[in-house]
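Asker: Contents are compact mmCIF, C-alpha atoms; file name model-v6.txt:
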# COMPACT_ATOMS: atom_id res chain seq x y z
CA LYS A 1 -18.84 -160.42 7.62
CA ILE A 2 -16.17 -163.06 8.03
CA GLU A 3 -16.28 -166.72 8.87
CA LEU A 4 -13.62 -168.42 10.94
CA ASP A 5 -13.03 -171.58 12.87
CA VAL A 6 -13.05 -170.24 16.44
CA ASN A 7 -11.55 -173.45 17.83
CA ASP A 8 -8.56 -173.17 15.51
CA PHE A 9 -8.36 -169.46 16.25
CA HIS A 10 -8.22 -170.16 19.98
CA VAL A 11 -5.83 -173.15 19.82
CA ARG A 12 -3.34 -171.25 17.64
CA LYS A 13 -3.61 -168.21 19.96
CA LEU A 14 -4.36 -165.91 17.04
CA GLN A 15 -5.37 -162.28 17.42
CA LEU A 16 -7.79 -160.17 15.46
CA ARG A 17 -7.21 -156.44 15.53
CA ALA A 18 -9.25 -153.70 13.98
CA SER A 19 -7.73 -150.59 12.46
CA TYR A 20 -9.10 -147.28 11.38
CA ALA A 21 -8.07 -145.59 8.16
CA SER A 22 -8.73 -141.93 7.55
CA PRO A 23 -11.78 -141.49 5.36
CA GLY A 24 -11.25 -140.44 1.76
CA ILE A 25 -13.01 -137.15 2.46
CA TYR A 26 -9.69 -135.74 3.68
CA LEU A 27 -7.74 -136.51 0.49
CA PRO A 28 -8.68 -133.30 -1.39
CA MET A 29 -7.65 -131.21 1.61
CA VAL A 30 -4.36 -133.09 1.96
CA LEU A 31 -3.61 -132.60 -1.75
CA GLU A 32 -4.28 -128.86 -1.43
CA TYR A 33 -1.98 -128.67 1.60
CA MET A 34 0.72 -130.48 -0.35
CA LYS A 35 0.32 -128.13 -3.33
CA ALA A 36 0.55 -125.13 -1.00
CA GLY A 37 3.65 -126.50 0.70
CA VAL A 38 1.94 -126.87 4.08
CA ILE A 39 2.64 -130.62 3.95
CA PRO A 40 6.16 -131.23 2.57
CA GLY A 41 5.48 -134.18 0.25
CA ASP A 42 9.12 -134.39 -0.80
CA LYS A 43 10.07 -135.01 2.83
CA ILE A 44 7.46 -137.63 3.73
CA ILE A 45 7.74 -139.77 0.58
CA SER A 46 10.79 -141.95 1.11
CA HIS A 47 10.35 -144.31 -1.86
CA VAL A 48 8.58 -144.37 -5.22
CA LEU A 49 8.23 -147.88 -6.62
CA GLU A 50 6.44 -149.55 -9.51
CA LEU A 51 3.54 -151.94 -8.95
CA ASP A 52 5.72 -154.93 -9.81
CA GLN A 53 8.02 -153.92 -6.93
CA MET A 54 5.34 -154.50 -4.28
CA GLU A 55 7.41 -157.25 -2.67
CA GLU A 56 10.28 -154.79 -2.23
CA ALA A 57 7.86 -152.23 -0.76
CA MET A 58 6.67 -154.74 1.83
CA ARG A 59 10.28 -155.64 2.66
CA LEU A 60 11.13 -151.97 3.15
CA CYS A 61 8.14 -151.49 5.47
CA SER A 62 9.08 -154.44 7.64
CA LYS A 63 12.90 -154.42 7.57
CA GLU A 64 13.94 -150.79 7.07
CA LYS A 65 11.57 -148.87 9.31
CA GLU A 66 14.15 -146.20 10.18
CA THR A 67 14.46 -145.07 6.56
CA THR A 68 10.99 -145.90 5.20
CA LEU A 69 8.28 -143.37 5.90
CA LYS A 70 5.86 -143.30 2.95
CA ILE A 71 6.05 -145.45 -0.17
CA VAL A 72 4.27 -144.41 -3.35
CA ILE A 73 3.33 -147.29 -5.65
CA ARG A 74 2.90 -146.36 -9.32
CA PRO A 75 0.62 -148.55 -11.45
For this file, write the structure as structure tokens.
Answerer:
Amino acid sequence: KIELDVNDFHVRKLQLRASYASPGIYLPMVLEYMKAGVIPGDKIISHVLELDQMEEAMRLCSKEKETTLKIVIRP
């Protein structure tokens, strides 16, 4: 549940959009496909960054969409 000021929401012409993420039940299958070479992990991972580089990751996602496909963040 969320609380929001609907008057402010309306006056500022904000939008609320829902999204759907794939459930975690598919992760084991995806990992097996990657191990088997069915999914070419080396081709879909465009960047591997450290956790302290999160700002750079966000910049890449928003400013370099043509060359940024999947970013892996290492803890």
Asker: Might you pull out every residue within 12 Å of Met34 in chain A, with only C-alpha atoms counted and same-chain residues fewer than 6 positions away left off, and present them as a ChimeraX atom specification?
Answerer: /A:27-28,40-45
Asker: CA of Glu50 in chain A and CA of Val72 in chain A, how far apart in Å?
Answerer: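 These atoms are spaced 8.3 Å apart.
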Asker: How far is it from CA of Ser62 in chain A to CA of Leu49 in chain A, in Å with one decimal?
Answerer: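 Pair CA of Ser62 in chain A / CA of Leu49 in chain A returns 15.7 Å.
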Asker: Once you count all atoms listed in the file, which residues end up no further than 10 Å from (8.4, -146.4, 5.0) in the file's frame, shown as a PDB file with C-alpha atoms, in the coordinates of the input?
Answerer:
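Final file, result30.pdb:
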ATOM      1  CA  ILE A  44       7.460-137.630   3.730  1.00  0.00           C
ATOM      2  CA  ILE A  45       7.740-139.770   0.580  1.00  0.00           C
ATOM      3  CA  SER A  46      10.790-141.950   1.110  1.00  0.00           C
ATOM      4  CA  HIS A  47      10.350-144.310  -1.860  1.00  0.00           C
ATOM      5  CA  ALA A  57       7.860-152.230  -0.760  1.00  0.00           C
ATOM      6  CA  MET A  58       6.670-154.740   1.830  1.00  0.00           C
ATOM      7  CA  ARG A  59      10.280-155.640   2.660  1.00  0.00           C
ATOM      8  CA  LEU A  60      11.130-151.970   3.150  1.00  0.00           C
ATOM      9  CA  CYS A  61       8.140-151.490   5.470  1.00  0.00           C
ATOM     10  CA  SER A  62       9.080-154.440   7.640  1.00  0.00           C
ATOM     11  CA  LYS A  63      12.900-154.420   7.570  1.00  0.00           C
ATOM     12  CA  GLU A  64      13.940-150.790   7.070  1.00  0.00           C
ATOM     13  CA  LYS A  65      11.570-148.870   9.310  1.00  0.00           C
ATOM     14  CA  GLU A  66      14.150-146.200  10.180  1.00  0.00           C
ATOM     15  CA  THR A  67      14.460-145.070   6.560  1.00  0.00           C
ATOM     16  CA  THR A  68      10.990-145.900   5.200  1.00  0.00           C
ATOM     17  CA  LEU A  69       8.280-143.370   5.900  1.00  0.00           C
ATOM     18  CA  LYS A  70       5.860-143.300   2.950  1.00  0.00           C
ATOM     19  CA  ILE A  71       6.050-145.450  -0.170  1.00  0.00           C
ATOM     20  CA  VAL A  72       4.270-144.410  -3.350  1.00  0.00           C
TER      21      VAL A  72
END
Asker: Just give me the gap between CA of Leu16 in chain A and CA of Leu4 in chain A in Å, one decimal is fine.
Answerer: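 Separation of CA of Leu16 in chain A and CA of Leu4 in chain A: 11.1 Å.
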Asker: Excluding same-chain residues fewer than 4 positions from Arg74 in chain A, what lies within 10 Å of it counting all atoms listed in the file, as a PyMOL selection string?
Answerer: chain A and resi 48-54
